[in-house]
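Peer 1: I am attaching a structure below and will ask some questions about it afterwards.
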Amino acid sequence: MGIQVVINGILLAGVYTVAAVGLNLIFGVLRVANIAHGEFLMLGAFLFFSLTAVVGISPFISFVFVGVLIFLLALAVERFLVERVVKQPMAISLLLLYGVSIFFKNLGLNIWTSNYRSINIINRTISVGGLSVSLIRIIIFFIAIGLTIGLAVLLKKTYIGKAIRSTTQNPELTVACGVDIKKVRMFTFALGAILAAFSGCFFIMIYSITPEVGSSIILKLFAVVIVGGLGSYLGTFLGALVIALAEVLTSFYISTQFGDVAIFAVFLLVLIIRPQGFLGERQYV
Amino acid sequence: MKDSEKNNSIKKVIVFFLIVLSLVILPYFLSSYRISFFITIFMYVVLAYSWNFISGYTGYVSFGQIVFFGLGAYAFAILTSNFGMNWGLAVVLAAIISSLFAVPIGLVMLRLKGPYFAVGMMGLSQFLAAIAFNWKSLTNGAVGIYLPPVFSLSTIYYAFLGAMIAIFLLTWKLENSNFGLRIKTIKEDEEGAEAIGINTTFYKVFAFTISACFCGIAGALQIYYLSYIDPYVAINMSLNLMMIAMSLVGGMGTMWGPLVGALMLGQLSEFLWVSFPYIYMIIFGCIIVVIIAFLPSGIVGYVTQYTQYRKDRMNNLIKN
């Protein structure tokens, strides 16, 4: 039984990684902690729900639709709001994004009500040697890994990817090289939001969630990023593994309600012992 | 020059006492509905000033001061229901308990900066909510604890009034003393403050503790007023949002900001709360966004800057 719990934890880590990489990306380029990340995740999940379960579009097409919609929304949020506070102290941008997250969360509650929703696309479980794992979780894990690898390729090989990485390392020099850094910021924010939205689509296929999911998920995502280390993508995956395992194991062996408590304990422990995280750089602390 | 300044400060003291006096005699002329309205407004003012005390002056934005509201609330409920304690003593003890919790929490959390601190405090509030739900022998879980109802609203009115005046005077002291100046340097440049020999940890934790103490008092009095507690009332996330929004609208890190913000948004929320709960929160989200994006120093901050600008321009005109 224990092994099955661990496997579920690893599969869950894939979902966390996708959203947390987006958060990490945004922090790297904009130097803004995106408190509203959980709300992009929620919007992605519930748009996906509306498109597949209510309108009745095939999941693959609605997946793309969700991506496009969230991309446009995030572009607008960055262009008209976040861009104004990028240069200001961290407290200001935090409060702005807090307002954005409250706005979207309650908009979501208004539109989709506070009922628990989920989508069942594939109901099969695979049993190997006494272990049974649901097929959808395995598929999602591989899609998530695929997305993460795709992002790595985007960052390594394309022009915009190089611009993103160079902005993370040295914004002034990037401007001096003739990169339009405002566009880079806009694109990065939207890219991060898309990743959150995709992760939301996975969530609603695994769990039943309400539009309030954002505020509990954002803590997990921050825990993942901070445990793994800001600015390190491999670290984010490690962080996701640690957090997902901590959550799943405590939920299984102690009580479901203590899953969040365990995450917070790990998070606090890492902050006190090694504030830069497993693979992070000292400069952000 | 000195004489006129002295006259000014005497005038200020007189005005302050007149306002306090009118607030003291006010409940004799009000219906109990009006008194409970004032009680809510006073609670907002206390919470807004407490949030301002740590986040406005030191720049450590806390998304979880509601933790201390909850601690004070539960301390009060448990002391009065399990030990049958007198309410006044229970409020004092609740304040002491939340301050005692604030010291170690502050020592750990205030080592973190910017987003780490903000998110850490947010996590702490969920942590406390989880404890409140699950430690059933102490908190009675989601069922909550019922306390004997209160008959005299004006007692709570005066208690809140006292708390409000105390935090107001503390903020005034912070604005007008070297001690407060040292707290304010942390916001401007923490490393610089350390370099000139200010023990920043002490001042941060001190401000944090004062803030926690008054959040605890507000929590205890609010529970006395409601005579009921459950985790949703104690770790009330919309109240958490309210105190931040009120400080921001009035002006973060200003003397009058929290008061102005609490009066304005307090009225607005009384008006909106009952009829549209979700839209109400959407509007508060909007208010925070708009204020930060277009009026980052809040109403009071903006007025101060504008009058300063006018004064400077007049001085320049006179000089030339």
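Ordered as shown in the structure tokens, chains take letters A, B, and onward, while each chain numbers its residues from 1 and ligands are numbered from 1 in the order shown.
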Based on DSSP run over this structure's backbone, return all residues of stretch 64-218 of chain A in alpha helix (DSSP H), as an MDAnalysis selection string.

Peer 2: chainID A and resid 64:77 83:85 90:112 135:157 159:169 171:176 181:206 213:218

Peer 1: Residues near stretch 168-184 of chain A, anyone? I mean within 7 Å using only C-alpha atoms, not counting same-chain ones fewer than 5 positions away, as number ranges by chain.

Peer 2: A: 28-29, 163

Peer 1: Grab the residues selected above and save them as a PDB file, in the first residue's frame with C-alpha atoms.

Peer 2:
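Wrote it out as result_18.pdb, contents follow:
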```pdb
ATOM      1  CA  GLY A  28      13.016  35.089 -12.614  1.00  0.00           C
ATOM      2  CA  VAL A  29      12.096  37.601 -15.308  1.00  0.00           C
ATOM      3  CA  ALA A 163      15.770  36.578 -24.298  1.00  0.00           C
TER       4      ALA A 163
END
```

Peer 1: Would you kindly return, as a short mmCIF file (atom, residue, chain, number, x, y, z; two decimals) with N, CA and C atoms, in the first residue's frame, each protein, DNA or RNA residue with an atom no farther than 12 Å from any atom of B:Tyr278, considering only C-alpha atoms and excluding same-chain residues fewer than 3 positions away?

Peer 2:
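Writing the result to out00.cif gives the following:
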```cif
data_model
loop_
_atom_site.label_atom_id
_atom_site.label_comp_id
_atom_site.auth_asym_id
_atom_site.auth_seq_id
_atom_site.Cartn_x
_atom_site.Cartn_y
_atom_site.Cartn_z
N ILE A 102 -7.79 38.04 -5.52
CA ILE A 102 -9.10 38.13 -4.87
C ILE A 102 -10.19 38.35 -5.91
N PHE A 103 -9.88 39.22 -6.87
CA PHE A 103 -10.83 39.53 -7.93
C PHE A 103 -11.22 38.27 -8.70
N PHE A 104 -10.22 37.55 -9.19
CA PHE A 104 -10.51 36.38 -10.02
C PHE A 104 -11.16 35.26 -9.21
N LYS A 105 -10.71 35.12 -7.97
CA LYS A 105 -11.27 34.04 -7.15
C LYS A 105 -12.77 34.24 -6.96
N ASN A 106 -13.17 35.45 -6.63
CA ASN A 106 -14.58 35.69 -6.38
C ASN A 106 -15.40 35.77 -7.66
N LEU A 107 -14.72 36.18 -8.75
CA LEU A 107 -15.37 36.10 -10.05
C LEU A 107 -15.67 34.64 -10.36
N GLY A 108 -14.69 33.78 -10.10
CA GLY A 108 -14.88 32.35 -10.33
C GLY A 108 -16.00 31.80 -9.48
N LEU A 109 -16.05 32.21 -8.22
CA LEU A 109 -17.12 31.74 -7.32
C LEU A 109 -18.48 32.21 -7.82
N ASN A 110 -18.49 33.40 -8.40
CA ASN A 110 -19.73 33.97 -8.91
C ASN A 110 -20.22 33.20 -10.14
N ILE A 111 -19.27 32.83 -11.00
CA ILE A 111 -19.66 32.17 -12.26
C ILE A 111 -19.95 30.69 -12.03
N TRP A 112 -19.00 29.99 -11.36
CA TRP A 112 -19.11 28.53 -11.28
C TRP A 112 -19.66 28.05 -9.94
N THR A 113 -20.04 28.96 -9.06
CA THR A 113 -20.53 28.65 -7.70
C THR A 113 -19.52 27.80 -6.91
N SER A 114 -19.78 27.60 -5.64
CA SER A 114 -18.78 26.92 -4.82
C SER A 114 -19.00 25.41 -4.75
N PRO A 211 -13.86 26.79 -7.04
CA PRO A 211 -13.06 27.96 -7.44
C PRO A 211 -12.16 28.50 -6.33
N GLU A 212 -12.29 27.99 -5.10
CA GLU A 212 -11.41 28.46 -4.04
C GLU A 212 -10.08 27.73 -4.02
N SER B 238 -11.91 37.04 4.85
CA SER B 238 -12.35 38.30 4.26
C SER B 238 -12.00 39.47 5.19
N SER B 269 -18.72 48.32 3.08
CA SER B 269 -18.94 46.90 3.28
C SER B 269 -20.26 46.65 4.01
N LEU B 272 -22.70 46.67 1.26
CA LEU B 272 -22.67 45.63 0.24
C LEU B 272 -22.75 44.21 0.77
N TRP B 273 -22.24 44.02 1.99
CA TRP B 273 -21.98 42.68 2.53
C TRP B 273 -23.20 41.78 2.48
N VAL B 274 -24.32 42.28 2.96
CA VAL B 274 -25.48 41.43 3.12
C VAL B 274 -26.04 40.98 1.77
N SER B 275 -26.15 41.92 0.83
CA SER B 275 -26.87 41.59 -0.39
C SER B 275 -26.04 40.80 -1.40
N MET B 281 -16.69 40.91 -2.54
CA MET B 281 -15.26 40.59 -2.56
C MET B 281 -14.62 41.00 -3.88
N ILE B 282 -15.36 40.86 -4.98
CA ILE B 282 -14.81 41.28 -6.27
C ILE B 282 -14.49 42.76 -6.23
N ILE B 283 -15.43 43.53 -5.64
CA ILE B 283 -15.21 44.98 -5.56
C ILE B 283 -13.98 45.28 -4.71
N PHE B 284 -13.80 44.54 -3.60
CA PHE B 284 -12.62 44.79 -2.77
C PHE B 284 -11.33 44.45 -3.51
N GLY B 285 -11.35 43.36 -4.29
CA GLY B 285 -10.19 43.04 -5.12
C GLY B 285 -9.88 44.18 -6.07
#
```

Peer 1: Which polymer residues have any atom within 9 Å of an atom of A:Ile209, counting only C-alpha atoms, with same-chain residues fewer than 2 positions away left out, as JSON, numbers by chain?

Peer 2: {"A": [42, 45, 114, 115, 116, 117, 118, 203, 204, 207, 211, 212, 213]}

Peer 1: Using only C-alpha atoms, which of the listed residues (B:Ser137, B:Thr209, B:Thr155, B:Ser62) sits closest to chain A?

Peer 2: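 For chain A, the nearest of the given residues is B:Ser62.
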
Peer 1: Considering only C-alpha atoms, extract the chain A residues located within 10 Å of chain B and return them as a PyMOL selection string.

Peer 2: chain A and resi 32-35+80-85+89-111+113+215-216+218-220+222-223+226+255+257-265+267-268+271-272+275+284-285

Peer 1: Hey, can you spit out that residue selection with C-alpha atoms as a PDB file, in the first residue's frame?

Peer 2:
```
ATOM      1  CA  VAL A  32       7.461  39.588  -8.960  1.00  0.00           C
ATOM      2  CA  ALA A  33       5.985  36.868  -6.754  1.00  0.00           C
ATOM      3  CA  ASN A  34       2.823  35.980  -8.615  1.00  0.00           C
ATOM      4  CA  ILE A  35       0.298  35.523  -5.799  1.00  0.00           C
ATOM      5  CA  PHE A  80      -2.105  47.072 -17.888  1.00  0.00           C
ATOM      6  CA  LEU A  81      -1.398  46.231 -14.245  1.00  0.00           C
ATOM      7  CA  VAL A  82       1.787  44.363 -13.404  1.00  0.00           C
ATOM      8  CA  GLU A  83       3.917  46.424 -15.795  1.00  0.00           C
ATOM      9  CA  ARG A  84       3.153  49.502 -13.686  1.00  0.00           C
ATOM     10  CA  VAL A  85       4.678  48.054 -10.535  1.00  0.00           C
ATOM     11  CA  PRO A  89       9.369  47.492  -4.115  1.00  0.00           C
ATOM     12  CA  MET A  90       8.240  43.901  -3.734  1.00  0.00           C
ATOM     13  CA  ALA A  91       5.487  44.858  -1.282  1.00  0.00           C
ATOM     14  CA  ILE A  92       3.652  46.885  -3.937  1.00  0.00           C
ATOM     15  CA  SER A  93       3.582  44.186  -6.594  1.00  0.00           C
ATOM     16  CA  LEU A  94       2.603  41.599  -3.974  1.00  0.00           C
ATOM     17  CA  LEU A  95      -0.388  43.669  -2.931  1.00  0.00           C
ATOM     18  CA  LEU A  96      -1.400  44.342  -6.522  1.00  0.00           C
ATOM     19  CA  LEU A  97      -1.369  40.658  -7.385  1.00  0.00           C
ATOM     20  CA  TYR A  98      -3.178  39.893  -4.157  1.00  0.00           C
ATOM     21  CA  GLY A  99      -5.960  42.184  -5.351  1.00  0.00           C
ATOM     22  CA  VAL A 100      -5.943  40.469  -8.759  1.00  0.00           C
ATOM     23  CA  SER A 101      -6.197  37.075  -7.112  1.00  0.00           C
ATOM     24  CA  ILE A 102      -9.098  38.131  -4.868  1.00  0.00           C
ATOM     25  CA  PHE A 103     -10.835  39.526  -7.925  1.00  0.00           C
ATOM     26  CA  PHE A 104     -10.514  36.381 -10.018  1.00  0.00           C
ATOM     27  CA  LYS A 105     -11.271  34.040  -7.147  1.00  0.00           C
ATOM     28  CA  ASN A 106     -14.584  35.686  -6.379  1.00  0.00           C
ATOM     29  CA  LEU A 107     -15.374  36.100 -10.051  1.00  0.00           C
ATOM     30  CA  GLY A 108     -14.878  32.346 -10.326  1.00  0.00           C
ATOM     31  CA  LEU A 109     -17.118  31.741  -7.324  1.00  0.00           C
ATOM     32  CA  ASN A 110     -19.729  33.965  -8.913  1.00  0.00           C
ATOM     33  CA  ILE A 111     -19.659  32.174 -12.257  1.00  0.00           C
ATOM     34  CA  THR A 113     -20.527  28.646  -7.699  1.00  0.00           C
ATOM     35  CA  SER A 215      -5.614  29.991  -2.386  1.00  0.00           C
ATOM     36  CA  SER A 216      -4.599  26.562  -1.126  1.00  0.00           C
ATOM     37  CA  ILE A 218      -0.666  28.882  -4.308  1.00  0.00           C
ATOM     38  CA  LEU A 219       0.887  27.924  -0.981  1.00  0.00           C
ATOM     39  CA  LYS A 220       1.845  24.528  -2.353  1.00  0.00           C
ATOM     40  CA  PHE A 222       5.344  28.607  -3.431  1.00  0.00           C
ATOM     41  CA  ALA A 223       6.471  25.784  -1.182  1.00  0.00           C
ATOM     42  CA  ILE A 226      11.083  27.771  -2.479  1.00  0.00           C
ATOM     43  CA  SER A 255      -5.213  12.409   8.171  1.00  0.00           C
ATOM     44  CA  GLN A 257      -6.579  17.480   6.765  1.00  0.00           C
ATOM     45  CA  PHE A 258      -2.955  17.385   7.846  1.00  0.00           C
ATOM     46  CA  GLY A 259      -1.650  17.307   4.262  1.00  0.00           C
ATOM     47  CA  ASP A 260      -1.457  21.109   4.179  1.00  0.00           C
ATOM     48  CA  VAL A 261       0.089  21.202   7.628  1.00  0.00           C
ATOM     49  CA  ALA A 262       2.867  18.836   6.516  1.00  0.00           C
ATOM     50  CA  ILE A 263       3.562  21.003   3.466  1.00  0.00           C
ATOM     51  CA  PHE A 264       3.780  24.073   5.622  1.00  0.00           C
ATOM     52  CA  ALA A 265       6.111  22.309   8.045  1.00  0.00           C
ATOM     53  CA  PHE A 267       8.301  24.770   3.765  1.00  0.00           C
ATOM     54  CA  LEU A 268       9.137  26.419   7.082  1.00  0.00           C
ATOM     55  CA  LEU A 271      13.181  28.389   4.908  1.00  0.00           C
ATOM     56  CA  ILE A 272      14.923  28.241   8.261  1.00  0.00           C
ATOM     57  CA  PRO A 275      16.523  29.594   2.749  1.00  0.00           C
ATOM     58  CA  TYR A 284      17.260  36.042  -4.029  1.00  0.00           C
ATOM     59  CA  VAL A 285      17.050  35.481  -0.301  1.00  0.00           C
TER      60      VAL A 285
END
```

Peer 1: Just how far from atom CA of B:Leu181 is atom CA of B:Leu100, in Å to one decimal?

Peer 2: 24.6 Å

Peer 1: Find the residues near B:Leu239: any atom within 12 Å, counting only C-alpha atoms, skip ones fewer than 4 places away on the same chain, and give them as a ChimeraX atom specification.

Peer 2: /B:40,43-48,51,63-67,69-70,215,218-219,222,232-235,243-246,262,265-266,269,273,281,284

Peer 1: I need the chosen residues saved as a JSON list (two decimals), in the first residue's frame, with N, CA and C atoms.

Peer 2:
```
[["chain", "number", "residue", "atom", "x", "y", "z"],
["B", 40, "THR", "N", -18.55, 47.52, 14.84],
["B", 40, "THR", "CA", -17.89, 46.93, 13.67],
["B", 40, "THR", "C", -16.87, 47.90, 13.09],
["B", 43, "MET", "N", -13.81, 47.99, 15.15],
["B", 43, "MET", "CA", -12.99, 46.80, 14.95],
["B", 43, "MET", "C", -12.14, 46.95, 13.68],
["B", 44, "TYR", "N", -12.78, 47.47, 12.60],
["B", 44, "TYR", "CA", -12.02, 47.68, 11.37],
["B", 44, "TYR", "C", -10.87, 48.65, 11.61],
["B", 45, "VAL", "N", -11.15, 49.71, 12.36],
["B", 45, "VAL", "CA", -10.10, 50.71, 12.60],
["B", 45, "VAL", "C", -8.94, 50.06, 13.36],
["B", 46, "VAL", "N", -9.26, 49.29, 14.41],
["B", 46, "VAL", "CA", -8.20, 48.64, 15.18],
["B", 46, "VAL", "C", -7.38, 47.72, 14.29],
["B", 47, "LEU", "N", -8.07, 46.92, 13.47],
["B", 47, "LEU", "CA", -7.36, 45.97, 12.62],
["B", 47, "LEU", "C", -6.51, 46.69, 11.57],
["B", 48, "ALA", "N", -7.08, 47.74, 10.97],
["B", 48, "ALA", "CA", -6.33, 48.47, 9.95],
["B", 48, "ALA", "C", -5.07, 49.09, 10.56],
["B", 51, "TRP", "N", -2.50, 46.31, 11.22],
["B", 51, "TRP", "CA", -1.80, 45.87, 10.00],
["B", 51, "TRP", "C", -0.80, 46.93, 9.57],
["B", 63, "PHE", "N", 0.32, 38.80, 4.90],
["B", 63, "PHE", "CA", -1.00, 38.36, 4.44],
["B", 63, "PHE", "C", -1.65, 37.48, 5.49],
["B", 64, "GLY", "N", -1.14, 37.54, 6.74],
["B", 64, "GLY", "CA", -1.69, 36.61, 7.72],
["B", 64, "GLY", "C", -1.80, 37.17, 9.12],
["B", 65, "GLN", "N", -2.02, 38.50, 9.25],
["B", 65, "GLN", "CA", -2.19, 39.03, 10.61],
["B", 65, "GLN", "C", -3.46, 38.48, 11.26],
["B", 66, "ILE", "N", -4.34, 37.90, 10.43],
["B", 66, "ILE", "CA", -5.56, 37.31, 10.95],
["B", 66, "ILE", "C", -5.22, 36.15, 11.90],
["B", 67, "VAL", "N", -4.02, 35.60, 11.79],
["B", 67, "VAL", "CA", -3.57, 34.55, 12.70],
["B", 67, "VAL", "C", -3.72, 35.01, 14.15],
["B", 69, "PHE", "N", -5.57, 37.55, 15.26],
["B", 69, "PHE", "CA", -7.00, 37.74, 15.53],
["B", 69, "PHE", "C", -7.58, 36.41, 15.99],
["B", 70, "GLY", "N", -7.24, 35.35, 15.26],
["B", 70, "GLY", "CA", -7.76, 34.03, 15.59],
["B", 70, "GLY", "C", -7.25, 33.53, 16.93],
["B", 215, "CYS", "N", -4.41, 42.89, 17.21],
["B", 215, "CYS", "CA", -5.25, 41.94, 16.47],
["B", 215, "CYS", "C", -5.89, 40.97, 17.45],
["B", 218, "ALA", "N", -8.74, 42.69, 19.23],
["B", 218, "ALA", "CA", -9.89, 42.80, 18.34],
["B", 218, "ALA", "C", -10.60, 41.46, 18.21],
["B", 219, "GLY", "N", -9.80, 40.38, 18.10],
["B", 219, "GLY", "CA", -10.39, 39.05, 17.99],
["B", 219, "GLY", "C", -11.19, 38.70, 19.22],
["B", 222, "GLN", "N", -14.34, 40.79, 19.43],
["B", 222, "GLN", "CA", -15.30, 40.40, 18.39],
["B", 222, "GLN", "C", -16.04, 39.13, 18.81],
["B", 232, "TYR", "N", -14.18, 29.46, 10.98],
["B", 232, "TYR", "CA", -14.45, 30.46, 9.94],
["B", 232, "TYR", "C", -14.54, 31.87, 10.51],
["B", 233, "VAL", "N", -15.07, 31.98, 11.73],
["B", 233, "VAL", "CA", -15.16, 33.30, 12.35],
["B", 233, "VAL", "C", -13.79, 33.77, 12.81],
["B", 234, "ALA", "N", -13.00, 32.82, 13.37],
["B", 234, "ALA", "CA", -11.72, 33.20, 13.95],
["B", 234, "ALA", "C", -10.67, 33.50, 12.88],
["B", 235, "ILE", "N", -10.55, 32.60, 11.89],
["B", 235, "ILE", "CA", -9.58, 32.82, 10.81],
["B", 235, "ILE", "C", -10.38, 33.30, 9.61],
["B", 243, "MET", "N", -8.58, 44.31, 6.30],
["B", 243, "MET", "CA", -7.63, 45.20, 6.98],
["B", 243, "MET", "C", -6.54, 45.67, 6.05],
["B", 244, "ILE", "N", -6.15, 44.82, 5.09],
["B", 244, "ILE", "CA", -5.14, 45.24, 4.12],
["B", 244, "ILE", "C", -5.72, 46.32, 3.21],
["B", 245, "ALA", "N", -6.92, 46.05, 2.69],
["B", 245, "ALA", "CA", -7.55, 46.99, 1.75],
["B", 245, "ALA", "C", -7.76, 48.35, 2.41],
["B", 246, "MET", "N", -8.19, 48.33, 3.69],
["B", 246, "MET", "CA", -8.47, 49.60, 4.36],
["B", 246, "MET", "C", -7.21, 50.43, 4.55],
["B", 262, "ALA", "N", -10.61, 52.77, 6.93],
["B", 262, "ALA", "CA", -11.57, 51.94, 7.67],
["B", 262, "ALA", "C", -12.94, 52.58, 7.65],
["B", 265, "LEU", "N", -14.25, 52.18, 3.76],
["B", 265, "LEU", "CA", -14.57, 50.81, 3.35],
["B", 265, "LEU", "C", -15.52, 50.14, 4.33],
["B", 266, "GLY", "N", -15.45, 50.57, 5.60],
["B", 266, "GLY", "CA", -16.38, 50.02, 6.58],
["B", 266, "GLY", "C", -17.81, 50.31, 6.20],
["B", 269, "SER", "N", -18.72, 48.32, 3.08],
["B", 269, "SER", "CA", -18.94, 46.90, 3.28],
["B", 269, "SER", "C", -20.26, 46.65, 4.01],
["B", 273, "TRP", "N", -22.24, 44.02, 1.99],
["B", 273, "TRP", "CA", -21.98, 42.68, 2.53],
["B", 273, "TRP", "C", -23.20, 41.78, 2.48],
["B", 281, "MET", "N", -16.69, 40.91, -2.54],
["B", 281, "MET", "CA", -15.26, 40.59, -2.56],
["B", 281, "MET", "C", -14.62, 41.00, -3.88],
["B", 284, "PHE", "N", -13.80, 44.54, -3.60],
["B", 284, "PHE", "CA", -12.62, 44.79, -2.77],
["B", 284, "PHE", "C", -11.33, 44.45, -3.51]]
```
